[in-house]
Amino acid sequence: MAAPRHFLQFKDLSSDELDYLFERSRVIKTRFKAYQRHWPLQDRSLVMIFEKASTRTRLSFEAGMQQLGGSAIYLNTRDSQLGRGEPVEDAAQVISRMSDIVMIRTFEQDIIERFARHSRVPVINGLTNEYHPCQILADIFTFIEHRGPIRGKTVAWIGDSNNVCNTWLQAAEVLDFNVHVSTPPGYEVEAERAGLYGTDHFEQFADPMDAARDADLVTTDVWTSMGFEAENEERLRDFADWQVDVEMMRAAKPDAVFMHCLPAHRGEEVTADVIDGSQSVVWDEAENRLHTQKALMEFLLLGRVND
């Protein structure tokens, strides 16, 4: 049996494979909007394992698998043997013999890597502390829809150097665009944690206005990610000058778009007039989680299709 393909980090796919996925996402989205049935994964099953809470990840994967003709099974680690100490390796052996594809949303990247090494079926990273590849897949597809190819463009990341930021940095290396990052002191990008091995596509800025200057896309995330709630008060103070507001958007290109992976805290990392304004594409971005993940599951199970 051939080894399964996994999507654990953004760089697990080549630029050519990603270009295919973006085009395939467009086809799948067009069919969805036209109410055309598309069931390439009929009778296939997706197991979704959640150790971290979710709205968009669960909804997009569960609805997506059903729209592809398959079924989705929700497992919460609190309600399964994983939450009672069963080794990840053992769980992977069992779960992958009873399903066709697995999505995991958990804490340490090491957990999903260990699971994938012992899985007979494709494993998808639905989010870890280190990476969020499905989010950036949707974000780049959204940019392509609104502004065309992302190659050579500049993305400004304002705020915490978290899992979403790390994944933008990986994507820039694979797809040949640039990321300007501005974080408060003490929250800078950790190259090894981000999985970076070069700086050709990445530049850090002490001043967030400098990072946003002439950017094609300005994006951010909440200042306190899941698992860091104890630091919330400290982070509110440290990040006060890293709010994306109208002035910051004016520093970017006139046709720059604003993205946020959601949920958002208006008045903290972004002002209401930006996220609800004309440059914001956050609702398209959220919807596109559905379409890009459908394309991803189809690709991991069937390879390239031409229908």
# chains A, B, ... in the order shown; residues from 1 in each chain; ligands from 1
$ select_by_dssp --residues "region 41-219 of chain A" --states "strand (DSSP E)" --output "PyMOL selection string"
chain A and resi 45-50+71-76+101-105+123-127+154-158+178-182+202-204+217-219
$ write_last_selection --atoms "C-alpha atoms" --output "mmCIF file, in the first residue's frame"
data_model
loop_
_atom_site.group_PDB
_atom_site.id
_atom_site.type_symbol
_atom_site.label_atom_id
_atom_site.label_comp_id
_atom_site.auth_asym_id
_atom_site.auth_seq_id
_atom_site.Cartn_x
_atom_site.Cartn_y
_atom_site.Cartn_z
ATOM 1 C CA SER A 45 -15.596 8.859 5.910
ATOM 2 C CA LEU A 46 -13.744 11.689 7.604
ATOM 3 C CA VAL A 47 -12.882 11.468 11.301
ATOM 4 C CA MET A 48 -12.483 14.870 12.973
ATOM 5 C CA ILE A 49 -10.543 14.830 16.256
ATOM 6 C CA PHE A 50 -10.841 17.966 18.376
ATOM 7 C CA SER A 71 -19.742 11.348 6.046
ATOM 8 C CA ALA A 72 -17.992 13.096 8.924
ATOM 9 C CA ILE A 73 -17.526 11.708 12.434
ATOM 10 C CA TYR A 74 -16.803 14.085 15.322
ATOM 11 C CA LEU A 75 -14.522 12.936 18.149
ATOM 12 C CA ASN A 76 -13.629 15.071 21.131
ATOM 13 C CA ILE A 101 -9.139 10.502 6.114
ATOM 14 C CA VAL A 102 -8.501 12.208 9.464
ATOM 15 C CA MET A 103 -8.451 15.857 10.521
ATOM 16 C CA ILE A 104 -6.927 16.769 13.895
ATOM 17 C CA ARG A 105 -7.143 20.067 15.791
ATOM 18 C CA VAL A 123 -4.026 13.275 8.025
ATOM 19 C CA ILE A 124 -4.856 16.993 7.880
ATOM 20 C CA ASN A 125 -3.725 19.611 10.384
ATOM 21 C CA GLY A 126 -6.868 21.495 11.456
ATOM 22 C CA LEU A 127 -4.719 23.664 13.757
ATOM 23 C CA THR A 154 3.522 41.706 -0.039
ATOM 24 C CA VAL A 155 1.552 40.517 2.984
ATOM 25 C CA ALA A 156 1.753 42.561 6.199
ATOM 26 C CA TRP A 157 1.263 40.551 9.376
ATOM 27 C CA ILE A 158 0.531 42.776 12.370
ATOM 28 C CA ASN A 178 6.879 38.503 0.746
ATOM 29 C CA VAL A 179 5.728 38.790 4.348
ATOM 30 C CA HIS A 180 6.360 41.860 6.491
ATOM 31 C CA VAL A 181 5.948 41.026 10.175
ATOM 32 C CA SER A 182 5.607 43.498 13.018
ATOM 33 C CA PHE A 202 10.458 37.598 5.245
ATOM 34 C CA GLU A 203 11.285 40.906 6.941
ATOM 35 C CA GLN A 204 10.622 42.051 10.509
ATOM 36 C CA LEU A 217 -2.746 42.446 2.034
ATOM 37 C CA VAL A 218 -2.898 43.416 5.718
ATOM 38 C CA THR A 219 -3.797 40.656 8.154
#
$ residues_around --residues "Ser15 (chain A)" --least-positions-apart "4" --cutoff "12 Å" --atoms "only C-alpha atoms" --output "PyMOL selection string"
chain A and resi 10-11+19-22+137+150-151+170-177
$ closest_residue --among "A:Asp221, A:Asp210, A:Asp238, A:Glu268" --to "Gly186 (chain A)" --atoms "only C-alpha atoms"
A:Asp238
$ select_by_dssp --residues "region 34-224 of chain A" --states "alpha helix (DSSP H)" --output "PyMOL selection string"
chain A and resi 56-67+88-95+109-117+133-147+163-175+191-194+208-212
$ write_last_selection --atoms "C-alpha atoms" --output "PDB file, in the first residue's frame"
ATOM      1  CA  ARG A  56     -15.186  27.350  11.441  1.00  0.00           C
ATOM      2  CA  THR A  57     -12.947  24.272  11.372  1.00  0.00           C
ATOM      3  CA  ARG A  58     -15.655  21.842  12.436  1.00  0.00           C
ATOM      4  CA  LEU A  59     -18.371  23.382  10.280  1.00  0.00           C
ATOM      5  CA  SER A  60     -16.232  23.639   7.145  1.00  0.00           C
ATOM      6  CA  PHE A  61     -14.870  20.091   7.374  1.00  0.00           C
ATOM      7  CA  GLU A  62     -18.151  18.460   8.391  1.00  0.00           C
ATOM      8  CA  ALA A  63     -20.265  20.290   5.824  1.00  0.00           C
ATOM      9  CA  GLY A  64     -17.536  19.913   3.211  1.00  0.00           C
ATOM     10  CA  MET A  65     -17.276  16.136   3.561  1.00  0.00           C
ATOM     11  CA  GLN A  66     -21.053  15.771   3.370  1.00  0.00           C
ATOM     12  CA  GLN A  67     -21.166  17.967   0.257  1.00  0.00           C
ATOM     13  CA  VAL A  88      -1.447   8.627  20.033  1.00  0.00           C
ATOM     14  CA  GLU A  89       0.285   5.928  18.015  1.00  0.00           C
ATOM     15  CA  ASP A  90      -2.272   3.297  19.050  1.00  0.00           C
ATOM     16  CA  ALA A  91      -5.201   5.616  18.343  1.00  0.00           C
ATOM     17  CA  ALA A  92      -3.808   6.325  14.885  1.00  0.00           C
ATOM     18  CA  GLN A  93      -3.585   2.607  14.068  1.00  0.00           C
ATOM     19  CA  VAL A  94      -7.230   2.027  15.043  1.00  0.00           C
ATOM     20  CA  ILE A  95      -8.848   5.206  13.718  1.00  0.00           C
ATOM     21  CA  GLN A 109       2.544  19.798  16.429  1.00  0.00           C
ATOM     22  CA  ASP A 110       4.348  16.698  17.701  1.00  0.00           C
ATOM     23  CA  ILE A 111       0.968  15.067  18.453  1.00  0.00           C
ATOM     24  CA  ILE A 112      -0.236  15.281  14.869  1.00  0.00           C
ATOM     25  CA  GLU A 113       3.167  14.280  13.478  1.00  0.00           C
ATOM     26  CA  ARG A 114       3.158  11.139  15.647  1.00  0.00           C
ATOM     27  CA  PHE A 115      -0.408  10.329  14.614  1.00  0.00           C
ATOM     28  CA  ALA A 116       0.431  10.724  10.916  1.00  0.00           C
ATOM     29  CA  ARG A 117       3.470   8.426  11.171  1.00  0.00           C
ATOM     30  CA  PRO A 133      -2.164  25.444   7.089  1.00  0.00           C
ATOM     31  CA  CYS A 134      -5.851  25.104   6.182  1.00  0.00           C
ATOM     32  CA  GLN A 135      -6.443  28.734   7.155  1.00  0.00           C
ATOM     33  CA  ILE A 136      -3.692  30.040   4.891  1.00  0.00           C
ATOM     34  CA  LEU A 137      -4.893  27.809   2.048  1.00  0.00           C
ATOM     35  CA  ALA A 138      -8.239  29.624   2.266  1.00  0.00           C
ATOM     36  CA  ASP A 139      -6.625  33.039   2.738  1.00  0.00           C
ATOM     37  CA  ILE A 140      -4.467  32.769  -0.374  1.00  0.00           C
ATOM     38  CA  PHE A 141      -7.383  31.461  -2.437  1.00  0.00           C
ATOM     39  CA  THR A 142      -9.384  34.482  -1.237  1.00  0.00           C
ATOM     40  CA  PHE A 143      -6.592  36.839  -2.283  1.00  0.00           C
ATOM     41  CA  ILE A 144      -6.426  35.192  -5.719  1.00  0.00           C
ATOM     42  CA  GLU A 145     -10.197  35.625  -6.119  1.00  0.00           C
ATOM     43  CA  HIS A 146      -9.998  39.347  -5.334  1.00  0.00           C
ATOM     44  CA  ARG A 147      -6.591  40.405  -6.640  1.00  0.00           C
ATOM     45  CA  ASN A 163       0.586  29.655  14.305  1.00  0.00           C
ATOM     46  CA  VAL A 164      -1.144  31.661  11.557  1.00  0.00           C
ATOM     47  CA  CYS A 165       1.859  33.963  11.186  1.00  0.00           C
ATOM     48  CA  ASN A 166       4.206  30.960  11.034  1.00  0.00           C
ATOM     49  CA  THR A 167       2.132  29.477   8.240  1.00  0.00           C
ATOM     50  CA  TRP A 168       2.110  32.709   6.230  1.00  0.00           C
ATOM     51  CA  LEU A 169       5.912  32.630   6.418  1.00  0.00           C
ATOM     52  CA  GLN A 170       6.052  29.065   5.120  1.00  0.00           C
ATOM     53  CA  ALA A 171       3.596  29.909   2.333  1.00  0.00           C
ATOM     54  CA  ALA A 172       5.741  32.850   1.228  1.00  0.00           C
ATOM     55  CA  GLU A 173       8.713  30.538   0.697  1.00  0.00           C
ATOM     56  CA  VAL A 174       6.673  27.990  -1.261  1.00  0.00           C
ATOM     57  CA  LEU A 175       4.709  30.465  -3.405  1.00  0.00           C
ATOM     58  CA  ALA A 191      12.549  30.981  12.782  1.00  0.00           C
ATOM     59  CA  GLU A 192      12.995  27.390  13.946  1.00  0.00           C
ATOM     60  CA  ARG A 193       9.471  27.178  15.394  1.00  0.00           C
ATOM     61  CA  ALA A 194       8.075  28.656  12.191  1.00  0.00           C
ATOM     62  CA  PRO A 208       3.750  48.212  12.400  1.00  0.00           C
ATOM     63  CA  MET A 209       3.158  51.204  10.114  1.00  0.00           C
ATOM     64  CA  ASP A 210       6.404  50.396   8.311  1.00  0.00           C
ATOM     65  CA  ALA A 211       5.322  46.765   7.902  1.00  0.00           C
ATOM     66  CA  ALA A 212       1.986  47.840   6.394  1.00  0.00           C
TER      67      ALA A 212
END
$ atom_distance --atom1 "CA of Ser25 (chain A)" --atom2 "CA of Pro149 (chain A)"
14.4 Å
$ closest_residue --among "A:Phe258, A:Tyr35, A:Trp242, A:Tyr187" --to "Ala215 (chain A)" --atoms "only C-alpha atoms"
A:Phe258
$ atom_distance --atom1 "CA of Glu269 (chain A)" --atom2 "CA of Arg235 (chain A)"
10.8 Å
$ closest_residue --among "A:Ala295, A:Val305, A:Ala286, A:Ala53" --to "Arg26 (chain A)" --atoms "only C-alpha atoms"
A:Ala295
